[in-house]
file final-v4.csv (CSV, C-alpha atoms)
chain,number,residue,atom,x,y,z
A,214,MET,CA,88.6,23.5,169.7
A,215,THR,CA,84.9,24.1,169.8
A,216,LYS,CA,82.5,21.2,169.6
A,217,ARG,CA,81.6,22.3,166.1
A,218,GLU,CA,85.3,22.2,165.0
A,219,LYS,CA,85.8,18.8,166.7
A,220,ILE,CA,82.8,17.4,164.7
A,221,PHE,CA,84.1,18.9,161.5
A,222,GLU,CA,87.6,17.5,162.0
A,223,ALA,CA,86.2,14.1,163.1
A,224,GLY,CA,83.9,13.9,160.1
A,225,ALA,CA,86.7,14.9,157.6
A,226,LYS,CA,89.0,12.3,159.2
A,227,LEU,CA,86.5,9.4,159.1
A,228,PHE,CA,85.2,10.2,155.7
A,229,ALA,CA,88.8,10.4,154.4
A,230,GLU,CA,89.8,7.1,156.0
A,231,HIS,CA,86.7,5.2,155.1
A,232,SER,CA,83.9,6.7,153.0
A,233,TYR,CA,80.9,8.9,153.6
A,234,ASN,CA,78.5,5.9,153.3
A,235,SER,CA,80.4,3.7,155.7
A,236,VAL,CA,80.6,6.2,158.5
A,237,GLY,CA,77.7,6.7,160.9
A,238,ILE,CA,76.6,9.6,163.1
A,239,ARG,CA,77.6,7.7,166.2
A,240,ASP,CA,81.1,7.1,164.7
A,241,ILE,CA,81.6,10.8,164.2
A,242,ALA,CA,80.3,11.7,167.6
A,243,ARG,CA,82.6,9.1,169.2
A,244,GLU,CA,85.6,10.4,167.3
A,245,ALA,CA,84.7,14.0,168.3
A,246,ASP,CA,83.9,13.0,171.8
A,247,VAL,CA,80.5,14.7,171.7
A,248,ASN,CA,76.9,13.7,172.0
A,249,SER,CA,75.5,12.5,168.6
A,250,ALA,CA,72.8,15.2,168.8
A,251,MET,CA,75.5,17.8,168.4
A,252,LEU,CA,76.0,16.7,164.8
A,253,SER,CA,72.4,17.6,164.0
A,254,TYR,CA,72.5,20.8,166.0
A,255,TYR,CA,75.6,22.2,164.2
A,256,PHE,CA,75.3,20.6,160.8
A,257,GLY,CA,71.7,19.4,160.4
A,258,GLY,CA,73.0,15.8,160.1
A,259,LYS,CA,75.7,13.8,158.3
A,260,ALA,CA,74.8,15.2,154.9
A,261,GLY,CA,75.1,18.7,156.2
A,262,LEU,CA,78.5,17.9,157.6
A,263,LEU,CA,79.6,16.5,154.2
A,264,LYS,CA,78.3,19.7,152.5
A,265,GLU,CA,80.4,21.8,154.8
A,266,ILE,CA,83.6,19.7,154.3
A,267,PHE,CA,83.1,19.9,150.5
A,268,ALA,CA,82.4,23.7,150.7
A,269,CYS,CA,85.7,24.1,152.6
A,270,PHE,CA,87.5,22.0,149.9
A,271,ALA,CA,85.9,23.9,147.1
A,272,GLN,CA,86.8,27.3,148.6
A,273,ARG,CA,90.4,26.2,149.0
A,274,VAL,CA,90.6,25.1,145.4
A,275,ILE,CA,88.9,28.3,144.1
A,276,ASN,CA,91.4,30.5,146.2
A,277,ILE,CA,94.4,28.6,144.7
A,278,VAL,CA,93.0,28.8,141.2
A,279,GLN,CA,92.3,32.5,141.4
A,280,LYS,CA,95.7,33.3,142.9
A,281,SER,CA,97.7,31.1,140.6
A,282,MET,CA,96.0,32.4,137.5
A,283,ASN,CA,96.2,36.1,138.6
A,284,ASP,CA,99.9,35.7,139.5
A,285,SER,CA,101.0,33.7,136.4
A,286,SER,CA,102.5,35.2,133.3
A,287,ASP,CA,102.2,32.2,131.0
A,288,HIS,CA,101.1,28.6,130.9
A,289,HIS,CA,104.3,27.1,132.4
A,290,ASP,CA,104.3,29.6,135.2
A,291,LEU,CA,100.7,28.7,135.9
A,292,VAL,CA,101.5,25.0,136.1
A,293,ASP,CA,104.4,25.6,138.5
A,294,LYS,CA,102.5,27.9,140.8
A,295,SER,CA,99.2,26.0,140.9
A,296,VAL,CA,100.8,22.5,141.3
A,297,ASP,CA,103.0,23.8,144.2
A,298,SER,CA,100.1,25.6,145.8
A,299,PHE,CA,97.7,22.7,145.5
A,300,LEU,CA,100.1,20.1,146.8
A,301,THR,CA,101.3,22.3,149.7
A,302,ASP,CA,97.7,23.1,150.7
A,303,ALA,CA,96.7,19.4,150.4
A,304,ARG,CA,99.5,18.3,152.7
A,305,GLU,CA,98.3,20.8,155.3
A,306,ASN,CA,94.6,19.9,154.9
A,307,ARG,CA,94.9,16.2,153.9
A,308,ASN,CA,91.5,15.0,155.1
A,309,ILE,CA,89.5,17.9,153.5
A,310,TYR,CA,91.2,17.2,150.2
A,311,LEU,CA,90.7,13.5,150.3
A,312,VAL,CA,87.0,13.9,151.0
A,313,GLY,CA,86.7,16.7,148.4
A,314,LEU,CA,88.5,14.8,145.6
A,315,ARG,CA,86.4,11.7,146.2
A,316,GLU,CA,83.1,13.7,146.2
A,317,LEU,CA,84.1,15.8,143.2
A,318,ASN,CA,83.3,12.9,140.9
A,319,HIS,CA,80.4,11.3,142.7
A,320,ASP,CA,76.9,12.0,141.7
A,321,SER,CA,75.6,12.8,145.2
A,322,PRO,CA,72.7,15.2,144.6
A,323,GLU,CA,73.3,17.1,147.9
A,324,LEU,CA,76.6,18.3,146.5
A,325,GLN,CA,75.5,19.0,142.9
A,326,LYS,CA,75.2,22.8,143.3
A,327,GLN,CA,78.5,23.1,145.1
A,328,ARG,CA,80.2,21.0,142.4
A,329,GLU,CA,78.7,23.2,139.6
A,330,ASN,CA,79.7,26.4,141.4
A,331,LEU,CA,83.3,25.1,141.8
A,332,TYR,CA,83.6,24.2,138.1
A,333,ASN,CA,81.9,27.4,136.9
A,334,THR,CA,84.0,29.6,139.1
A,335,CYS,CA,87.2,27.9,138.0
A,336,CYS,CA,86.2,28.1,134.3
A,337,VAL,CA,85.7,31.9,134.7
A,338,TYR,CA,89.2,32.4,136.1
A,339,PHE,CA,90.6,30.1,133.5
A,340,SER,CA,89.0,32.0,130.7
A,341,GLU,CA,90.3,35.3,132.1
A,342,PHE,CA,93.8,33.7,132.2
A,343,LEU,CA,93.6,32.5,128.6
A,344,THR,CA,92.5,35.9,127.4
A,345,ARG,CA,95.3,37.7,129.3
A,346,CYS,CA,97.9,35.3,127.9
A,347,GLY,CA,96.6,35.5,124.3
A,348,ALA,CA,95.3,31.9,124.1
A,349,ASN,CA,91.9,30.9,122.8
A,350,PRO,CA,89.3,31.7,125.5
A,351,ASN,CA,86.5,30.2,123.3
A,352,LYS,CA,87.3,26.6,124.1
A,353,SER,CA,84.0,24.8,124.8
A,354,GLU,CA,82.8,24.4,128.4
A,355,GLU,CA,83.3,20.6,128.0
A,356,VAL,CA,87.0,21.1,127.2
A,357,LYS,CA,87.4,23.4,130.2
A,358,PHE,CA,85.5,21.0,132.5
A,359,ILE,CA,87.6,18.0,131.3
A,360,SER,CA,90.8,20.0,131.6
A,361,PHE,CA,90.1,21.1,135.1
A,362,THR,CA,89.1,17.6,136.2
A,363,ALA,CA,92.1,16.1,134.5
A,364,VAL,CA,94.5,18.6,136.0
A,365,LEU,CA,93.2,17.9,139.5
A,366,GLY,CA,93.3,14.2,138.9
A,367,THR,CA,96.9,14.4,137.7
A,368,VAL,CA,98.0,16.7,140.6
A,369,PHE,CA,96.3,14.4,143.1
A,370,SER,CA,96.9,11.0,141.5
A,371,ASP,CA,99.0,10.0,144.5
A,372,TYR,CA,96.1,10.8,146.9
A,373,LEU,CA,93.5,9.2,144.6
A,374,LEU,CA,95.5,6.1,143.8
A,375,GLY,CA,98.4,5.7,146.2
A,376,GLY,CA,97.0,7.0,149.5
A,377,GLY,CA,99.5,9.8,149.8
A,378,THR,CA,102.7,7.8,149.6
A,379,TYR,CA,104.6,10.6,147.8
A,380,ILE,CA,102.6,13.7,148.7
A,381,ASP,CA,103.0,13.1,152.5
A,382,ASN,CA,106.6,12.0,152.3
A,383,ASP,CA,108.9,15.0,152.8
A,384,GLU,CA,111.8,13.4,150.9
A,385,LEU,CA,109.7,12.5,147.9
A,386,PHE,CA,107.4,15.5,147.8
A,387,THR,CA,109.6,17.7,145.7
A,388,THR,CA,110.2,15.0,143.1
A,389,TYR,CA,106.5,14.2,143.0
A,390,ARG,CA,105.7,17.9,142.5
A,391,ASP,CA,108.3,18.4,139.8
A,392,VAL,CA,107.1,15.2,137.9
A,393,VAL,CA,103.5,16.3,138.0
A,394,ALA,CA,104.4,19.8,136.8
A,395,GLU,CA,106.5,18.4,133.9
A,396,ILE,CA,103.6,16.2,132.8
A,397,LEU,CA,101.2,19.1,132.9
A,398,LYS,CA,103.5,21.5,131.1
A,399,HIS,CA,103.9,19.2,128.2
A,400,GLY,CA,100.3,18.2,127.9
A,401,SER,CA,97.8,20.7,129.2
A,402,PRO,CA,99.0,23.9,127.4
A,403,ALA,CA,98.4,22.2,124.0
A,404,LEU,CA,94.7,22.2,124.9
A,405,TRP,CA,94.6,25.8,126.0
A,406,VAL,CA,96.1,27.6,122.9

call {"tool": "encode", "arguments": {"input": "final-v4.csv", "output": "structure tokens"}}
result
Amino acid sequence: MTKREKIFEAGAKLFAEHSYNSVGIRDIAREADVNSAMLSYYFGGKAGLLKEIFACFAQRVINIVQKSMNDSSDHHDLVDKSVDSFLTDARENRNIYLVGLRELNHDSPELQKQRENLYNTCCVYFSEFLTRCGANPNKSEEVKFISFTAVLGTVFSDYLLGGGTYIDNDELFTTYRDVVAEILKHGSPALWV
């Protein structure tokens, strides 16, 4: 791994385990086994590192939303594909998701543009999906925003509330995925049509 990659991984790990505000530059440098000046060199400081981690999270979410919505034939198919894709990707990129999910709902000004871009991009894909499936694409932006946030909150409730007890457990993962999909199939589509 390059020094830049080590710093990125160390920052994601520490921000996920603790919080952005409770982790210092020296903590990240120590975890990455680099000089603390390298954080400023590669990322412009701790805030720049957070932006990069959140950008990675946002891009992963956008990629899954786009693929799931393009590949789905109806609402139930969308739920199955997106829940499975999100949870599988989150298991492989746990720290990035934990940091991204936490920061998604914080009002940190340095991430405001990235959050808006994430919501707006996902709303565009969602509107295209609704149109293709014959549902009402004219739902207000507030409904789309709340739906998107609620779906992510539901899918990742175990990470947000339980620390990954079910998502990270191979034996419980399938059950967790199926339960989340059933909840979304019986709730969310009523908002979309």

call {"tool": "atom_distance", "arguments": {"input": "final-v4.csv", "atom1": "atom CA of Val247 of chain A", "atom2": "atom CA of Ala223 of chain A"}}
result
10.3 Å

call {"tool": "atom_distance", "arguments": {"input": "final-v4.csv", "atom1": "atom CA of His231 of chain A", "atom2": "atom CA of Met214 of chain A"}}
result
23.5 Å

call {"tool": "residues_around", "arguments": {"input": "final-v4.csv", "residues": "Val368 of chain A", "least_positions_apart": "4", "cutoff": "9 Å", "atoms": "all atoms listed in the file", "output": "ChimeraX atom specification"}}
result
/A:296,299-300,363-364,372,390,393-394,397

call {"tool": "atom_distance", "arguments": {"input": "final-v4.csv", "atom1": "atom CA of Lys294 of chain A", "atom2": "atom CA of Ser281 of chain A"}}
result
5.8 Å

call {"tool": "residues_around", "arguments": {"input": "final-v4.csv", "residues": "Cys336 of chain A", "least_positions_apart": "2", "cutoff": "9 Å", "atoms": "all atoms listed in the file", "output": "ChimeraX atom specification"}}
result
/A:331-334,338-341,354,357-358,361

call {"tool": "residues_around", "arguments": {"input": "final-v4.csv", "residues": "Leu291 of chain A", "least_positions_apart": "6", "cutoff": "10 Å", "atoms": "only C-alpha atoms", "output": "compact mmCIF listing (two decimals) with C-alpha atoms, in the coordinates of the input"}}
result
# COMPACT_ATOMS: atom_id res chain seq x y z
CA VAL A 278 93.00 28.80 141.20
CA LYS A 280 95.70 33.30 142.90
CA SER A 281 97.70 31.10 140.60
CA MET A 282 96.00 32.40 137.50
CA ASN A 283 96.20 36.10 138.60
CA ASP A 284 99.90 35.70 139.50
CA SER A 285 101.00 33.70 136.40
CA ASP A 297 103.00 23.80 144.20
CA PHE A 342 93.80 33.70 132.20
CA ALA A 394 104.40 19.80 136.80
CA LYS A 398 103.50 21.50 131.10
CA PRO A 402 99.00 23.90 127.40

call {"tool": "residues_around", "arguments": {"input": "final-v4.csv", "residues": "Ala260 of chain A", "least_positions_apart": "4", "cutoff": "9 Å", "atoms": "only C-alpha atoms", "output": "PyMOL selection string"}}
result
chain A and resi 233+256+264-265+323

call {"tool": "closest_residue", "arguments": {"input": "final-v4.csv", "among": "A:Thr301, A:Gly313, A:Glu329, A:Ser253", "to": "Tyr389 of chain A", "atoms": "all atoms listed in the file"}}
result
A:Thr301

call {"tool": "closest_residue", "arguments": {"input": "final-v4.csv", "among": "A:Ile309, A:Ala225, A:Leu317, A:Ala348", "to": "Arg273 of chain A", "atoms": "only C-alpha atoms"}}
result
A:Ile309

call {"tool": "closest_residue", "arguments": {"input": "final-v4.csv", "among": "A:Leu314, A:Leu324, A:Val292, A:Met251", "to": "Gly400 of chain A", "atoms": "only C-alpha atoms"}}
result
A:Val292

call {"tool": "decode", "arguments": {"input": "final-v4.csv", "residues": "segment 278-304 of chain A", "atoms": "N, CA and C atoms", "output": "short mmCIF file (atom, residue, chain, number, x, y, z; two decimals), in the first residue's frame"}}
result
data_model
loop_
_atom_site.label_atom_id
_atom_site.label_comp_id
_atom_site.auth_asym_id
_atom_site.auth_seq_id
_atom_site.Cartn_x
_atom_site.Cartn_y
_atom_site.Cartn_z
N VAL A 278 -27.00 2.38 -6.68
CA VAL A 278 -28.33 2.90 -7.03
C VAL A 278 -28.52 2.84 -8.55
N GLN A 279 -27.54 3.31 -9.29
CA GLN A 279 -27.66 3.31 -10.75
C GLN A 279 -27.83 1.90 -11.29
N LYS A 280 -26.97 1.00 -10.88
CA LYS A 280 -27.04 -0.37 -11.39
C LYS A 280 -28.34 -1.05 -10.98
N SER A 281 -28.73 -0.92 -9.72
CA SER A 281 -29.96 -1.56 -9.24
C SER A 281 -31.18 -1.05 -9.99
N MET A 282 -31.24 0.26 -10.18
CA MET A 282 -32.41 0.84 -10.85
C MET A 282 -32.42 0.53 -12.33
N ASN A 283 -31.25 0.46 -12.95
CA ASN A 283 -31.19 0.11 -14.37
C ASN A 283 -31.54 -1.36 -14.61
N ASP A 284 -31.18 -2.22 -13.65
CA ASP A 284 -31.36 -3.66 -13.84
C ASP A 284 -32.69 -4.20 -13.30
N SER A 285 -33.49 -3.35 -12.66
CA SER A 285 -34.72 -3.84 -12.02
C SER A 285 -35.94 -3.63 -12.90
N SER A 286 -36.82 -4.60 -12.87
CA SER A 286 -38.03 -4.54 -13.69
C SER A 286 -39.23 -3.96 -12.95
N ASP A 287 -39.21 -4.02 -11.62
CA ASP A 287 -40.30 -3.46 -10.83
C ASP A 287 -39.79 -3.12 -9.43
N HIS A 288 -40.69 -2.66 -8.59
CA HIS A 288 -40.32 -2.20 -7.25
C HIS A 288 -39.73 -3.30 -6.38
N HIS A 289 -40.34 -4.47 -6.43
CA HIS A 289 -39.84 -5.57 -5.60
C HIS A 289 -38.47 -6.05 -6.07
N ASP A 290 -38.29 -6.09 -7.36
CA ASP A 290 -37.00 -6.45 -7.93
C ASP A 290 -35.94 -5.43 -7.51
N LEU A 291 -36.31 -4.15 -7.52
CA LEU A 291 -35.40 -3.09 -7.10
C LEU A 291 -34.98 -3.29 -5.64
N VAL A 292 -35.94 -3.58 -4.79
CA VAL A 292 -35.62 -3.78 -3.37
C VAL A 292 -34.66 -4.94 -3.21
N ASP A 293 -34.96 -6.08 -3.84
CA ASP A 293 -34.08 -7.25 -3.72
C ASP A 293 -32.66 -6.94 -4.18
N LYS A 294 -32.55 -6.31 -5.35
CA LYS A 294 -31.22 -6.05 -5.91
C LYS A 294 -30.45 -5.01 -5.11
N SER A 295 -31.12 -3.94 -4.74
CA SER A 295 -30.39 -2.87 -4.06
C SER A 295 -30.01 -3.27 -2.64
N VAL A 296 -30.90 -3.94 -1.90
CA VAL A 296 -30.57 -4.35 -0.54
C VAL A 296 -29.39 -5.31 -0.56
N ASP A 297 -29.43 -6.29 -1.43
CA ASP A 297 -28.33 -7.25 -1.51
C ASP A 297 -27.02 -6.55 -1.89
N SER A 298 -27.08 -5.68 -2.88
CA SER A 298 -25.87 -4.98 -3.32
C SER A 298 -25.30 -4.07 -2.24
N PHE A 299 -26.18 -3.31 -1.57
CA PHE A 299 -25.72 -2.42 -0.51
C PHE A 299 -25.06 -3.20 0.63
N LEU A 300 -25.74 -4.23 1.09
CA LEU A 300 -25.21 -4.97 2.24
C LEU A 300 -23.92 -5.71 1.89
N THR A 301 -23.85 -6.27 0.71
CA THR A 301 -22.63 -6.96 0.30
C THR A 301 -21.46 -5.98 0.21
N ASP A 302 -21.71 -4.83 -0.41
CA ASP A 302 -20.66 -3.82 -0.55
C ASP A 302 -20.25 -3.27 0.82
N ALA A 303 -21.21 -3.09 1.70
CA ALA A 303 -20.91 -2.57 3.04
C ALA A 303 -20.07 -3.55 3.84
N ARG A 304 -20.31 -4.83 3.66
CA ARG A 304 -19.50 -5.82 4.37
C ARG A 304 -18.05 -5.76 3.90
#
